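> Structure supplied as work-v6.txt; contents: compact mmCIF, C-alpha atoms and all ligand atoms.
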# COMPACT_ATOMS: atom_id res chain seq x y z
CA ARG G 1 121.95 93.83 58.13
CA GLN G 2 122.02 96.29 61.06
CA ALA G 3 119.92 94.11 63.37
CA SER G 4 122.38 91.22 63.12
CA ARG G 5 125.11 90.12 65.51
CA GLU G 6 127.52 90.27 62.58
CA TRP G 7 126.86 94.00 62.29
CA LYS G 8 127.11 94.59 66.06
CA ASN G 9 127.87 91.90 68.61
CA GLU G 10 127.38 93.89 71.79
CA ASN G 11 123.80 93.87 73.13
CA THR G 12 121.85 97.04 72.44
CA ILE G 13 120.31 98.75 75.46
CA VAL G 14 117.26 100.89 74.69
CA GLU G 15 116.61 103.51 77.34
CA ILE G 16 112.99 104.54 76.88
CA ALA G 17 113.05 107.06 79.76
CA PRO G 18 115.70 108.01 82.33
CA GLY G 19 116.61 104.79 84.15
CA VAL G 20 114.25 102.52 82.17
CA ARG G 21 116.75 100.46 80.23
CA VAL G 22 115.68 97.49 78.11
CA GLY G 23 118.41 94.99 77.22
CA GLY G 24 120.64 95.55 80.23
CA SER G 25 121.02 93.31 83.25
CA ASP G 26 117.54 94.03 84.68
CA VAL G 27 114.30 92.49 83.49
CA VAL G 28 111.90 95.33 82.72
CA VAL G 29 108.15 95.21 83.13
CA PHE G 30 105.70 97.17 80.96
CA ALA G 31 102.18 96.77 82.32
CA GLY G 32 98.71 98.24 82.10
CA PRO G 33 95.36 97.79 80.47
CA CYS G 34 94.83 96.81 76.85
CA SER G 35 93.04 100.13 76.23
CA VAL G 36 92.92 103.51 77.91
CA GLU G 37 89.22 103.72 78.81
CA SER G 38 88.80 106.68 81.17
CA GLU G 39 90.78 108.92 83.51
CA ALA G 40 89.75 106.87 86.55
CA GLN G 41 90.62 103.57 84.86
CA ILE G 42 94.06 104.61 83.61
CA LEU G 43 95.06 106.31 86.88
CA ALA G 44 93.96 103.28 88.91
CA SER G 45 95.91 101.04 86.53
CA ALA G 46 99.00 103.25 86.68
CA HIS G 47 99.08 103.38 90.47
CA ALA G 48 98.50 99.63 90.74
CA VAL G 49 101.29 98.66 88.35
CA ARG G 50 103.70 101.27 89.74
CA ASN G 51 103.13 100.03 93.29
CA ALA G 52 103.73 96.46 92.12
CA GLY G 53 107.09 97.48 90.62
CA ALA G 54 106.41 98.02 86.90
CA HIS G 55 108.78 100.35 85.03
CA ALA G 56 106.40 101.55 82.33
CA LEU G 57 102.67 101.93 81.78
CA ARG G 58 101.20 100.41 78.62
CA GLY G 59 97.74 101.18 77.28
CA GLY G 60 96.32 101.69 73.82
CA ALA G 61 94.76 104.96 72.70
CA PHE G 62 94.61 103.82 69.06
CA LYS G 63 93.32 100.24 69.05
CA PRO G 64 93.72 97.86 66.08
CA ARG G 65 90.51 95.91 66.69
CA SER G 66 89.60 92.94 64.52
CA SER G 67 86.07 94.36 64.19
CA PRO G 68 85.41 97.95 63.12
CA TYR G 69 82.38 97.94 65.44
CA ALA G 70 84.46 97.19 68.56
CA PHE G 71 85.82 99.96 70.83
CA GLN G 72 88.50 101.75 68.81
CA GLY G 73 90.24 103.62 71.63
CA LEU G 74 90.04 107.21 72.88
CA GLY G 75 92.62 108.53 70.39
CA LEU G 76 94.23 111.87 71.31
CA GLU G 77 92.19 112.02 74.54
CA GLY G 78 93.73 108.66 75.51
CA LEU G 79 97.24 110.01 74.90
CA LYS G 80 96.50 112.98 77.16
CA LEU G 81 95.30 110.62 79.89
CA LEU G 82 98.51 108.59 79.56
CA ALA G 83 100.55 111.79 79.94
CA LEU G 84 98.53 112.58 83.07
CA ALA G 85 99.27 109.09 84.43
CA ARG G 86 102.98 109.68 83.79
CA ASN G 87 102.83 112.96 85.71
CA GLU G 88 101.13 111.25 88.64
CA THR G 89 103.30 108.14 88.85
CA GLY G 90 106.58 108.82 87.06
CA LEU G 91 106.07 105.73 84.91
CA ALA G 92 107.34 105.75 81.33
CA ILE G 93 104.56 105.49 78.72
CA VAL G 94 104.34 102.91 75.92
CA THR G 95 101.43 103.11 73.48
CA GLU G 96 100.58 101.94 69.99
CA ALA G 97 100.51 103.91 66.77
CA MET G 98 98.55 102.54 63.81
CA ASP G 99 99.45 105.07 61.15
CA GLU G 100 101.88 107.89 60.44
CA ARG G 101 99.63 110.66 61.77
CA GLY G 102 99.02 108.71 64.97
CA ALA G 103 102.75 108.05 65.32
CA ASP G 104 103.48 111.78 65.31
CA LEU G 105 101.00 112.23 68.15
CA VAL G 106 102.31 109.21 70.09
CA ALA G 107 105.85 110.60 69.75
CA GLU G 108 104.64 113.85 71.32
CA TYR G 109 102.96 112.25 74.34
CA ALA G 110 104.71 108.90 74.99
CA ASP G 111 108.20 107.54 75.64
CA CYS G 112 108.03 104.52 73.36
CA ILE G 113 106.00 103.91 70.19
CA GLN G 114 104.46 100.45 69.98
CA ILE G 115 103.99 98.94 66.53
CA GLY G 116 101.45 96.16 66.86
CA ALA G 117 101.37 92.69 65.38
CA ARG G 118 98.94 93.77 62.64
CA ASN G 119 101.28 96.54 61.50
CA MET G 120 104.59 94.70 61.77
CA GLN G 121 104.82 94.68 57.99
CA ASN G 122 103.44 98.17 57.41
CA TYR G 123 106.69 99.30 55.85
CA SER G 124 105.75 102.96 55.32
CA LEU G 125 104.81 103.20 59.03
CA LEU G 126 108.08 101.49 60.00
CA ARG G 127 110.11 103.93 57.89
CA HIS G 128 108.17 106.81 59.43
CA VAL G 129 108.88 105.78 63.03
CA GLY G 130 112.48 105.24 61.99
CA LYS G 131 112.64 108.98 61.38
CA LEU G 132 110.92 110.08 64.61
CA GLY G 133 113.84 109.22 66.88
CA LYS G 134 111.67 107.73 69.67
CA PRO G 135 112.25 104.17 70.92
CA VAL G 136 110.08 101.62 69.11
CA LEU G 137 108.53 98.46 70.55
CA LEU G 138 108.04 96.19 67.52
CA LYS G 139 105.69 93.25 68.06
CA ARG G 140 105.93 90.09 66.00
CA GLY G 141 103.17 89.68 63.44
CA MET G 142 100.77 86.83 64.11
CA ALA G 143 101.97 84.94 61.03
CA ALA G 144 105.46 86.39 60.80
CA THR G 145 108.66 84.39 60.93
CA ILE G 146 111.50 85.56 63.14
CA ASN G 147 113.35 86.55 59.99
CA ASP G 148 110.35 88.69 58.96
CA LEU G 149 110.45 90.36 62.39
CA LEU G 150 114.15 91.13 62.07
CA LEU G 151 113.65 92.50 58.55
CA SER G 152 110.89 94.77 59.86
CA ALA G 153 113.25 96.04 62.56
CA GLU G 154 115.68 96.74 59.73
CA TYR G 155 113.22 99.28 58.24
CA VAL G 156 113.40 101.30 61.47
CA LEU G 157 117.15 100.92 61.96
CA SER G 158 117.95 101.82 58.36
CA GLU G 159 116.21 105.20 58.81
CA GLY G 160 118.68 106.06 61.55
CA ASN G 161 116.76 104.98 64.66
CA PRO G 162 118.80 102.40 66.61
CA ASN G 163 116.30 102.12 69.50
CA VAL G 164 114.22 99.08 68.60
CA ILE G 165 112.86 96.58 71.13
CA LEU G 166 111.47 93.35 69.70
CA CYS G 167 108.48 91.57 71.25
CA GLU G 168 107.24 88.00 70.96
CA ARG G 169 103.44 87.92 71.34
CA GLY G 170 102.42 84.56 69.97
CA VAL G 171 101.62 83.28 66.51
CA ARG G 172 98.56 81.67 64.97
CA THR G 173 98.41 77.91 64.66
CA PHE G 174 95.76 75.20 64.33
CA ASP G 175 95.11 74.96 68.08
CA SER G 176 92.29 76.98 69.64
CA ALA G 177 93.15 75.94 73.22
CA THR G 178 94.90 79.31 73.56
CA ARG G 179 94.43 82.56 71.63
CA ASN G 180 97.88 82.28 70.06
CA LEU G 181 100.81 79.92 70.36
CA PHE G 182 103.30 81.76 72.55
CA ASP G 183 106.67 81.07 70.92
CA LEU G 184 109.12 80.90 73.83
CA THR G 185 111.82 79.68 71.47
CA ALA G 186 111.78 83.06 69.77
CA ILE G 187 113.65 84.51 72.75
CA PRO G 188 116.89 82.51 72.44
CA VAL G 189 116.57 82.42 68.63
CA VAL G 190 116.43 86.23 68.44
CA GLN G 191 119.22 86.58 70.98
CA LYS G 192 121.49 84.43 68.86
CA LEU G 193 120.74 86.34 65.66
CA SER G 194 120.39 89.90 66.93
CA HIS G 195 121.82 92.37 69.45
CA LEU G 196 118.38 94.01 69.86
CA PRO G 197 116.49 93.46 73.13
CA ILE G 198 113.60 91.01 73.08
CA MET G 199 110.55 91.22 75.34
CA ALA G 200 107.71 88.75 75.76
CA ASP G 201 103.96 89.40 75.88
CA PRO G 202 102.30 86.39 77.55
CA SER G 203 98.95 88.23 77.63
CA HIS G 204 98.36 88.24 73.87
CA GLY G 205 100.55 85.14 73.63
CA THR G 206 98.00 83.05 75.52
CA GLY G 207 94.81 85.11 75.69
CA LEU G 208 93.92 83.47 79.01
CA ARG G 209 94.46 85.09 82.40
CA ASP G 210 95.47 81.89 84.18
CA LYS G 211 98.15 81.15 81.55
CA VAL G 212 99.80 84.57 81.76
CA THR G 213 101.76 84.05 84.99
CA PRO G 214 103.33 80.69 84.07
CA MET G 215 104.32 81.93 80.61
CA ALA G 216 105.73 85.20 81.99
CA ARG G 217 107.85 83.16 84.41
CA ALA G 218 108.98 80.93 81.57
CA ALA G 219 109.91 83.89 79.37
CA VAL G 220 112.08 85.41 82.09
CA ALA G 221 113.68 82.03 82.75
CA ALA G 222 114.37 81.80 78.99
CA GLY G 223 116.24 85.09 79.11
CA ALA G 224 113.70 87.68 77.94
CA ASP G 225 114.81 91.26 78.50
CA GLY G 226 111.36 92.20 79.73
CA ILE G 227 107.69 91.40 79.95
CA LEU G 228 104.67 93.21 78.51
CA VAL G 229 101.59 92.30 80.49
CA GLU G 230 97.97 93.44 80.53
CA VAL G 231 96.61 94.45 83.94
CA HIS G 232 93.18 96.01 84.57
CA PRO G 233 91.63 97.27 87.81
CA THR G 234 88.35 95.50 86.89
CA PRO G 235 89.11 92.99 84.10
CA ASP G 236 85.49 91.84 83.87
CA LYS G 237 84.49 95.35 82.82
CA ALA G 238 87.39 95.91 80.38
CA LEU G 239 86.47 97.27 76.93
CA SER G 240 89.13 95.02 75.34
CA ASP G 241 91.08 91.90 76.29
CA GLY G 242 89.54 91.49 79.74
CA ALA G 243 89.87 87.69 79.62
CA GLN G 244 93.66 87.94 79.46
CA SER G 245 94.08 90.88 81.86
CA LEU G 246 95.47 90.21 85.32
CA TYR G 247 93.85 91.54 88.47
CA PRO G 248 96.23 93.96 90.21
CA GLU G 249 96.88 91.48 93.06
CA GLN G 250 97.85 88.79 90.55
CA PHE G 251 100.25 91.22 88.90
CA THR G 252 101.86 92.14 92.22
CA GLU G 253 102.50 88.47 92.90
CA LEU G 254 103.82 87.94 89.36
CA VAL G 255 106.40 90.73 89.73
CA ARG G 256 107.55 89.22 93.01
CA GLN G 257 108.06 85.86 91.33
CA LEU G 258 109.81 87.37 88.29
CA ARG G 259 112.34 89.08 90.57
CA LEU G 260 113.16 85.72 92.16
CA ILE G 261 113.60 84.04 88.77
CA ALA G 262 115.67 86.89 87.34
CA GLY G 263 117.86 86.83 90.44
CA ALA G 264 118.43 83.10 90.10
CA ILE G 265 119.67 83.09 86.48
C1 LIG G 301 98.23 95.24 72.39
O1 LIG G 301 99.39 95.23 72.86
O2 LIG G 301 97.22 95.65 73.02
C2 LIG G 301 98.02 94.65 71.05
C3 LIG G 301 97.01 95.06 70.27
O3 LIG G 301 98.90 93.69 70.76
P1 LIG G 301 99.20 92.90 69.37
O4 LIG G 301 99.54 93.96 68.39
O5 LIG G 301 100.34 92.02 69.73
O6 LIG G 301 97.94 92.13 69.03
MN MN G 302 95.37 93.87 74.12
Would you mind writing the file's structure down as structure tokens?
Ligand code: PEP
Ligand code: MN

Amino acid sequence: RQASREWKNENTIVEIAPGVRVGGSDVVVFAGPCSVESEAQILASAHAVRNAGAHALRGGAFKPRSSPYAFQGLGLEGLKLLALARNETGLAIVTEAMDERGADLVAEYADCIQIGARNMQNYSLLRHVGKLGKPVLLKRGMAATINDLLLSAEYVLSEGNPNVILCERGVRTFDSATRNLFDLTAIPVVQKLSHLPIMADPSHGTGLRDKVTPMARAAVAAGADGILVEVHPTPDKALSDGAQSLYPEQFTELVRQLRLIAGAI
């Protein structure tokens, strides 16, 4: 198995854009809104997260919504707005692809292709992004074991693409106190089994704005290679995931705290 430590013991570093290295000594921060909603919204988000110290801008153009009647994303127009935000801020761009056709477009406009929880076991999509040669951010499925996650990474690696970043984003359990159960243990478990970098997404992991900062701190303390966090200029007006999106000022403070924790371990 190519994802395993037996195959390769040395940690893999995935460089998604010049200088943005995931899996090295620095904790990386990917931040931005759940969805790209408009030019004004994505540019405001990009400037806010860049000024706070984020390395990459996240934001969905193709949105895997639970309901087909919910906002589905701006599609190609959203990708163009992300490219504009990159030109304005220099941030690397991370955005989700839901199918093969979308992945080709994402590969054209973005620096890193996100495969979401709902598609973690879409094996034809995984094989396809394995052939595109762009870094892949692979999120854990909401009912996937860590072994399932590593086997999904294997689909990308086995097509010749070594640049896979894993991401813990919470799993479903019986408890509705939070949106998902954020599995902090996944970080050291993955690090023992695999040389691939592992990030943490406390936004989807908890679903609740006031839980995001403590869980982000905990993930960095646990050794995560980076954090994926939702930030919106006006969370109350967000078209998706507003309840878990940080206000820009909260995000600025979070990055300050993460630097202290990363420096202390
Ligand atoms: C997202 O990152 O906006 C997203 C849809 O995440 P997940 O696939 O983890 O639900
Ligand atoms: Mn979201």
> Please identify all polymer residues within 6 Å of stretch 90-103 of chain G, counting all atoms listed in the file, omitting same-chain residues fewer than 6 positions from it, and present them as a PyMOL selection string.
chain G and resi 56-60+110-115+125
> Show which residues sit within 10 Å of G:Ala44, as an mmCIF file with C-alpha atoms, in the coordinates of the input. Count only C-alpha atoms, and ignore same-chain residues fewer than 6 positions away.

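So selection-v1.cif came out as:
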data_model
loop_
_atom_site.group_PDB
_atom_site.id
_atom_site.type_symbol
_atom_site.label_atom_id
_atom_site.label_comp_id
_atom_site.auth_asym_id
_atom_site.auth_seq_id
_atom_site.Cartn_x
_atom_site.Cartn_y
_atom_site.Cartn_z
ATOM 1 C CA GLY G 32 98.710 98.240 82.100
ATOM 2 C CA SER G 38 88.800 106.680 81.170
ATOM 3 C CA ARG G 50 103.700 101.270 89.740
ATOM 4 C CA ALA G 85 99.270 109.090 84.430
ATOM 5 C CA HIS G 232 93.180 96.010 84.570
ATOM 6 C CA PRO G 233 91.630 97.270 87.810
ATOM 7 C CA THR G 234 88.350 95.500 86.890
ATOM 8 C CA PRO G 248 96.230 93.960 90.210
#
> Between G:Ile16, G:Ile198, G:Leu157, G:Leu208, which has the minimum distance to ligand MN 302 (chain G) (counting all atoms listed in the file)?
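With all atoms listed in the file as the atom set, the closest residue is G:Leu208.
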> Using only C-alpha atoms and all ligand atoms, which residues of the polymer chains come no farther than 9 Å from ligand LIG 301 (chain G)? I'd like the answer as a ChimeraX atom specification.
/G:33-35,58-60,63-65,95-96,114-120,138-142,167-170,201,203-205,228-230,240-241
> To one decimal in Å, tell me the separation between atom CA of G:Lys8 and atom CA of G:Val171.
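Straight-line distance from atom CA of G:Lys8 to atom CA of G:Val171 works out to 27.9 Å.
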